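Colleague: Data file entry10.txt (compact mmCIF, C-alpha atoms and all ligand atoms) is appended below.
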```
# COMPACT_ATOMS: atom_id res chain seq x y z
CA MET A 1 165.73 87.36 46.47
CA ASN A 2 165.30 83.74 45.40
CA GLU A 3 162.28 83.63 43.09
CA GLN A 4 161.71 79.96 43.94
CA ASN A 5 160.98 80.90 47.58
CA ASP A 6 158.11 83.12 46.46
CA LYS A 7 156.37 80.29 44.65
CA LYS A 8 152.88 79.49 45.94
CA TYR A 9 151.21 76.11 45.99
CA PHE A 10 147.56 75.09 46.42
CA GLN A 11 148.21 74.49 50.11
CA ASP A 12 149.35 78.06 50.68
CA TYR A 13 145.79 79.22 50.06
CA MET A 14 144.12 76.86 52.53
CA ASN A 15 143.58 79.00 55.61
CA GLU A 16 143.84 77.35 59.02
CA ASN A 17 144.71 73.98 57.47
CA VAL A 18 146.16 71.70 60.18
CA CYS A 19 145.86 68.49 58.13
CA PHE A 20 148.67 65.96 58.67
CA GLY A 21 149.23 65.59 54.93
CA CYS A 22 148.61 69.03 53.44
CA GLY A 23 148.30 71.51 56.30
CA ILE A 24 150.86 74.30 56.40
CA HIS A 25 149.85 74.76 60.05
CA ASN A 26 150.85 71.26 61.22
CA ASP A 27 154.43 71.24 62.52
CA GLN A 28 154.54 67.43 62.41
CA GLY A 29 152.90 67.12 58.98
CA LEU A 30 154.07 65.96 55.56
CA HIS A 31 153.73 69.45 54.04
CA ILE A 32 152.95 68.38 50.49
CA LYS A 33 153.04 71.04 47.78
CA SER A 34 150.75 70.81 44.75
CA GLU A 35 150.58 72.91 41.60
CA TRP A 36 149.20 72.75 38.07
CA ASP A 37 151.18 71.35 35.19
CA GLY A 38 148.73 71.85 32.38
CA GLU A 39 145.61 69.78 33.00
CA GLU A 40 147.37 67.71 35.66
CA SER A 41 148.26 68.67 39.19
CA VAL A 42 151.70 67.64 40.31
CA CYS A 43 153.27 67.12 43.72
CA VAL A 44 156.92 66.25 44.32
CA TRP A 45 157.71 65.03 47.81
CA GLU A 46 160.81 63.76 49.58
CA SER A 47 160.42 61.22 52.34
CA GLU A 48 162.31 60.73 55.58
CA GLU A 49 163.59 57.53 57.14
CA LYS A 50 160.73 57.45 59.66
CA TYR A 51 158.22 56.98 56.82
CA HIS A 52 159.60 53.65 55.67
CA GLY A 53 157.68 50.39 55.74
CA TRP A 54 160.26 47.83 54.88
CA SER A 55 163.75 49.23 55.16
CA ASN A 56 164.34 51.67 52.29
CA LEU A 57 160.76 51.28 51.00
CA MET A 58 157.99 53.81 51.54
CA ASN A 59 155.13 52.92 53.88
CA GLY A 60 151.92 52.31 51.94
CA GLY A 61 149.79 54.29 54.34
CA VAL A 62 152.03 57.31 53.91
CA MET A 63 151.67 56.89 50.13
CA ALA A 64 147.88 56.79 50.53
CA THR A 65 148.01 59.96 52.61
CA LEU A 66 150.06 61.74 49.94
CA ILE A 67 147.60 60.68 47.25
CA ASP A 68 144.61 61.59 49.39
CA CYS A 69 145.80 65.06 50.28
CA HIS A 70 147.18 65.86 46.83
CA CYS A 71 143.79 64.94 45.37
CA MET A 72 141.70 66.86 47.94
CA CYS A 73 143.77 69.96 47.23
CA THR A 74 143.47 69.31 43.49
CA ALA A 75 139.67 69.07 43.75
CA MET A 76 139.65 72.44 45.50
CA ALA A 77 141.97 74.10 42.96
CA HIS A 78 140.01 72.59 40.08
CA ALA A 79 136.73 73.99 41.41
CA TYR A 80 138.19 77.50 41.56
CA LYS A 81 139.64 77.02 38.07
CA LEU A 82 136.23 75.97 36.72
CA GLU A 83 134.80 79.20 38.09
CA GLY A 84 137.65 81.15 36.49
CA ARG A 85 138.92 82.59 39.74
CA ALA A 86 142.13 82.59 41.74
CA LEU A 87 142.75 80.52 44.86
CA ASN A 88 142.86 83.59 47.08
CA THR A 89 139.28 84.59 46.21
CA MET A 90 135.99 83.92 47.96
CA PRO A 91 134.02 81.78 48.50
CA GLU A 92 136.31 79.17 50.04
CA TYR A 93 135.67 75.55 49.15
CA ARG A 94 137.00 72.52 51.02
CA TYR A 95 136.85 68.86 50.05
CA ALA A 96 136.90 65.63 52.08
CA THR A 97 137.76 62.15 50.91
CA GLY A 98 134.73 60.07 49.99
CA THR A 99 136.58 57.18 48.38
CA LEU A 100 140.28 56.38 48.09
CA ASN A 101 141.11 53.28 46.07
CA VAL A 102 144.86 52.72 45.83
CA LYS A 103 146.52 50.03 43.74
CA TYR A 104 150.13 49.39 44.73
CA LEU A 105 151.99 48.28 41.61
CA LYS A 106 155.66 48.11 42.62
CA PRO A 107 157.76 48.80 45.72
CA THR A 108 158.49 52.52 46.18
CA SER A 109 161.91 53.75 47.23
CA ASN A 110 161.83 55.72 50.46
CA ASN A 111 165.18 57.31 49.58
CA ASP A 112 164.26 59.19 46.41
CA PRO A 113 161.73 61.91 45.58
CA VAL A 114 158.29 60.74 44.49
CA GLU A 115 155.99 62.50 42.04
CA LEU A 116 152.20 62.42 42.10
CA ARG A 117 150.20 63.45 39.07
CA ALA A 118 146.42 63.81 39.36
CA LYS A 119 143.80 64.50 36.75
CA VAL A 120 140.14 65.32 37.25
CA THR A 121 138.02 62.88 35.25
CA GLU A 122 134.52 63.93 36.32
CA VAL A 123 132.74 66.70 38.19
CA LYS A 124 129.14 66.16 39.19
CA GLY A 125 127.51 68.43 41.74
CA LYS A 126 129.70 68.48 44.83
CA LYS A 127 131.60 65.35 43.72
CA THR A 128 135.00 65.43 41.95
CA VAL A 129 136.48 62.20 40.60
CA MET A 130 140.22 61.96 39.99
CA HIS A 131 142.86 59.55 38.79
CA CYS A 132 146.26 59.83 40.44
CA GLY A 133 149.53 58.26 39.34
CA PHE A 134 152.39 57.84 41.84
CA TYR A 135 155.92 57.73 40.40
CA SER A 136 159.31 56.80 41.80
CA LEU A 137 162.56 56.77 39.85
CA GLY A 138 160.65 57.21 36.60
CA GLU A 139 158.32 54.26 37.18
CA LYS A 140 154.67 54.23 38.19
CA THR A 141 154.59 52.41 41.52
CA ALA A 142 150.96 53.09 42.47
CA GLU A 143 147.76 54.53 41.04
CA ALA A 144 144.49 55.54 42.59
CA GLU A 145 140.90 56.45 41.90
CA VAL A 146 139.83 59.15 44.30
CA ILE A 147 136.45 60.75 44.92
CA ALA A 148 136.35 64.09 46.71
CA ILE A 149 133.16 65.60 48.08
CA ARG A 150 132.76 69.33 48.65
CA VAL A 151 132.03 69.63 52.35
CA TYR A 152 132.52 73.34 52.92
CA ASP A 153 131.46 76.39 50.96
CA SER A 154 132.03 79.63 52.84
CA SER A 155 129.12 81.28 51.03
CA GLN A 156 126.76 78.71 52.56
CA ASP A 157 128.43 78.24 55.94
CA SER A 158 125.96 77.66 58.72
CA GLY A 159 128.66 78.05 61.38
CA ALA A 160 128.35 74.48 62.64
CA ASN A 161 130.33 72.66 59.97
CA VAL A 162 132.96 70.22 61.32
CA PHE A 163 134.85 70.56 58.01
CA LYS A 164 135.20 74.32 58.25
CA SER A 165 138.95 74.19 59.05
C1 LIG B 201 141.32 74.01 55.52
C2 LIG B 201 141.10 72.54 55.75
C3 LIG B 201 141.39 71.71 54.55
C4 LIG B 201 141.63 70.30 54.96
C5 LIG B 201 141.83 69.38 53.81
C6 LIG B 201 142.07 68.04 54.37
C7 LIG B 201 142.04 66.95 53.33
C8 LIG B 201 142.29 65.68 54.04
C9 LIG B 201 141.59 64.54 53.43
C10 LIG B 201 140.91 63.77 54.52
O1 LIG B 201 141.54 63.11 55.28
S1 LIG B 201 139.19 63.89 54.66
C11 LIG B 201 138.82 62.77 56.01
C12 LIG B 201 138.27 61.47 55.53
N1 LIG B 201 136.93 61.65 54.99
C13 LIG B 201 135.87 61.85 55.80
O2 LIG B 201 135.94 61.93 57.00
C14 LIG B 201 134.54 61.98 55.12
C15 LIG B 201 133.45 61.26 55.91
N2 LIG B 201 132.25 61.15 55.10
C16 LIG B 201 131.35 62.17 55.07
O3 LIG B 201 131.43 63.16 55.78
C17 LIG B 201 130.25 62.04 54.09
O4 LIG B 201 129.95 60.69 53.86
C18 LIG B 201 130.56 62.73 52.74
C19 LIG B 201 130.80 64.23 52.98
C20 LIG B 201 131.81 62.13 52.04
C21 LIG B 201 129.40 62.56 51.76
O5 LIG B 201 128.22 62.91 52.39
P1 LIG B 201 127.19 63.86 51.69
O6 LIG B 201 125.95 63.86 52.53
O7 LIG B 201 127.81 65.18 51.43
O8 LIG B 201 126.97 63.12 50.30
P2 LIG B 201 125.60 62.96 49.51
O9 LIG B 201 124.85 61.78 50.07
O10 LIG B 201 124.91 64.29 49.42
O11 LIG B 201 126.12 62.54 48.06
C22 LIG B 201 126.58 63.52 47.15
C23 LIG B 201 127.24 62.75 46.02
O12 LIG B 201 128.47 62.17 46.48
C24 LIG B 201 128.42 60.75 46.35
N3 LIG B 201 129.04 60.20 47.56
C25 LIG B 201 128.61 60.33 48.82
N4 LIG B 201 129.47 59.73 49.67
C26 LIG B 201 130.44 59.20 48.90
C27 LIG B 201 131.59 58.46 49.19
N5 LIG B 201 131.91 58.14 50.45
N6 LIG B 201 132.37 58.07 48.17
C28 LIG B 201 132.05 58.40 46.91
N7 LIG B 201 130.97 59.12 46.56
C29 LIG B 201 130.17 59.51 47.56
C30 LIG B 201 126.93 60.41 46.28
O13 LIG B 201 126.77 59.17 45.60
C31 LIG B 201 126.43 61.59 45.49
O14 LIG B 201 126.79 61.42 44.13
P3 LIG B 201 125.76 61.71 42.96
O15 LIG B 201 125.54 63.20 42.99
O16 LIG B 201 126.45 61.24 41.72
O17 LIG B 201 124.52 60.94 43.29
```
How would this structure read if it were set down as structure tokens?
Modeller:
Amino acid sequence: MNEQNDKKYFQDYMNENVCFGCGIHNDQGLHIKSEWDGEESVCVWESEEKYHGWSNLMNGGVMATLIDCHCMCTAMAHAYKLEGRALNTMPEYRYATGTLNVKYLKPTSNNDPVELRAKVTEVKGKKTVMHCGFYSLGEKTAEAEVIAIRVYDSSQDSGANVFKS
């Protein structure tokens, strides 16, 4: 058996996730995969031709989606980590984007893998602040400040939460 195929990412623990960027239950989605690399979370993603902006360059909105979803999943994983528990344990937490501030530094190739590296810089109440670098061919082509807000906690679920899944 190929050990690599057994590897689990943050997204594999997000039940019923149909999100376009990070949902494993969206057939048309981008299917990003995020994991820890020390204090940073990392996501490597390969584009397809349909996600170009200019020919051969990645669409900026797609880049924003990758950053957004990588950071929302990072906020979730970080919260579990802070509580010293695994991602397959209860209660479930989910985060939504409060603020996404992307600075596009250089054109990004749409023909080569990109790497996103996010770091949590602040946690205050239900708010998680992150910095995310976006790399292509060894160069940083974008960076972002992202604020995630915890919008779902299964231990406090009232049953009428639009962010439940
Ligand atoms: C299994 C499923 C998993 C799916 C994952 C999908 C990830 C995909 C990412 C997305 O696309 S999410 C969709 C885009 N985002 C939204 O639709 C969110 C819409 N906005 C809201 O619902 C509310 O405005 C929000 C939940 C973000 C905040 O409302 P709250 O009532 O919870 O915030 P509250 O007023 O209690 O403030 C709590 C703290 O957050 C801060 N805050 C509130 N809104 C903020 C904001 N928009 N940006 C930054 N910070 C914000 C606020 O200042 C405060 O900070 P302090 O504690 O330091 O005072």
Colleague: Using only C-alpha atoms and all ligand atoms, tabulate the residues of chain A lying at most 9 Å from any atom of ligand LIG 201 (chain B), each with its closest atom pair and that distance in Å to one decimal, by chain and increasing residue number, as a tab-separated table.
Modeller:
```
residue	atom	partner	partner_atom	distance
A:Gln11	CA	B:LIG201	C3	8.6
A:Tyr13	CA	B:LIG201	C1	8.8
A:Met14	CA	B:LIG201	C1	5.0
A:Asn15	CA	B:LIG201	C1	5.5
A:Glu16	CA	B:LIG201	C1	5.5
A:Asn17	CA	B:LIG201	C1	3.9
A:Val18	CA	B:LIG201	C2	6.8
A:Cys19	CA	B:LIG201	C6	5.4
A:Phe20	CA	B:LIG201	C8	7.9
A:Gly21	CA	B:LIG201	C8	7.0
A:Cys22	CA	B:LIG201	C6	6.7
A:Gly23	CA	B:LIG201	C4	6.9
A:Thr65	CA	B:LIG201	O1	7.7
A:Asp68	CA	B:LIG201	C9	5.8
A:Cys69	CA	B:LIG201	C8	5.2
A:His70	CA	B:LIG201	C7	8.4
A:Cys71	CA	B:LIG201	C9	8.4
A:Met72	CA	B:LIG201	C7	5.4
A:Cys73	CA	B:LIG201	C5	6.9
A:Tyr93	CA	B:LIG201	C1	8.7
A:Arg94	CA	B:LIG201	C3	5.7
A:Tyr95	CA	B:LIG201	C5	6.3
A:Ala96	CA	B:LIG201	S1	3.9
A:Thr97	CA	B:LIG201	N1	4.2
A:Gly98	CA	B:LIG201	N5	3.4
A:Thr99	CA	B:LIG201	N6	4.3
A:Leu100	CA	B:LIG201	N6	8.1
A:Lys124	CA	B:LIG201	O15	6.0
A:Gly125	CA	B:LIG201	O15	5.7
A:Lys126	CA	B:LIG201	C22	6.3
A:Lys127	CA	B:LIG201	O12	5.2
A:Thr128	CA	B:LIG201	O12	8.6
A:Val129	CA	B:LIG201	C28	8.6
A:Val146	CA	B:LIG201	C28	8.2
A:Ile147	CA	B:LIG201	C28	5.4
A:Ala148	CA	B:LIG201	C28	7.1
A:Ile149	CA	B:LIG201	C20	5.4
A:Arg150	CA	B:LIG201	C19	7.0
A:Val151	CA	B:LIG201	C19	5.6
A:Phe163	CA	B:LIG201	C2	6.9
A:Lys164	CA	B:LIG201	C2	6.7
A:Ser165	CA	B:LIG201	C1	4.3
```
Colleague: So, counting all atoms listed in the file, which residue among A:Glu39, A:Glu48, A:Asp12, A:Glu145 is closest to Asp112 (chain A)?
Modeller: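 Of A:Glu39, A:Glu48, A:Asp12, A:Glu145, the one nearest Asp112 (chain A), counting all atoms listed in the file, is A:Glu48.
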Colleague: Enter the distance from CA of Ala142 (chain A) to CA of Thr108 (chain A), in Å, rounded to one decimal.
Modeller: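 It comes out at 8.4 Å.
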Colleague: May I ask which of the residues A:Ala86, A:Ile67, A:Val102, A:Ala118 is the closest one to Gly38 (chain A), counting all atoms listed in the file?
Modeller: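 Residue with the minimum atom-to-atom distance to Gly38 (chain A): A:Ala118.
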Colleague: Give the answer as one residue: which of A:Gly159, A:Gly84, A:Gly133, A:Gly138 has the shortest atom-to-atom distance to Glu40 (chain A), using only C-alpha atoms?
Modeller: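 For Glu40 (chain A), the nearest of the given residues is A:Gly133.
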Colleague: Just the number, please: distance in Å from CA of Met90 (chain A) to CA of Asn5 (chain A), one decimal.
Modeller: 25.2 Å
Colleague: What does the structure give for the distance between CA of Val162 (chain A) and CA of Glu92 (chain A), in Å to one decimal?
Modeller: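 Interatomic distance here is 14.8 Å.
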Colleague: Go through A:His131, A:Lys119, A:Lys140, A:Lys7 and flag the residue nearest Ala77 (chain A), using all atoms listed in the file for the distances.
Modeller: A:Lys119
Colleague: At most 8 Å from (146.3, 73.6, 43.6), file frame, only C-alpha atoms: which residues, as a list of chain:residue names?
Modeller: A:Tyr9, A:Phe10, A:Gln11, A:Ser34, A:Glu35, A:Trp36, A:Ser41, A:Cys73, A:Thr74, A:Met76, A:Ala77, A:His78, A:Leu87
Colleague: Give me the residues near Phe134 (chain A) as a list in words, where near means some atom within 10 Å (using only C-alpha atoms) and where sequence neighbours in that chain fewer than 4 positions away do not count.
Modeller: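 In the requested format, the answer is Val42, Cys43, Val44, Met63, Ala64, Leu66, Ile67, Val102, Lys103, Tyr104, Leu105, Thr108, Val114, Glu115, Leu116, Arg117, Ala118, Gly138, Glu139, Lys140, Thr141, Ala142, Glu143 and Ala144 of chain A.
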Colleague: Edge lengths and centre, in Å to one decimal, as lines of an AutoDock Vina configuration file: that's what I need for the box along x, y and z that holds all listed atoms of region 28-34 of chain A plus 5 Å on each side.
Modeller:
```
center_x = 152.6
center_y = 68.5
center_z = 53.6
size_x = 13.8
size_y = 15.1
size_z = 27.7
```
Colleague: Find, counting all atoms listed in the file, the residue in A:Ile24, A:Val123, A:Ile32, A:Met130 that gets nearest to Ser47 (chain A).
Modeller: A:Ile32
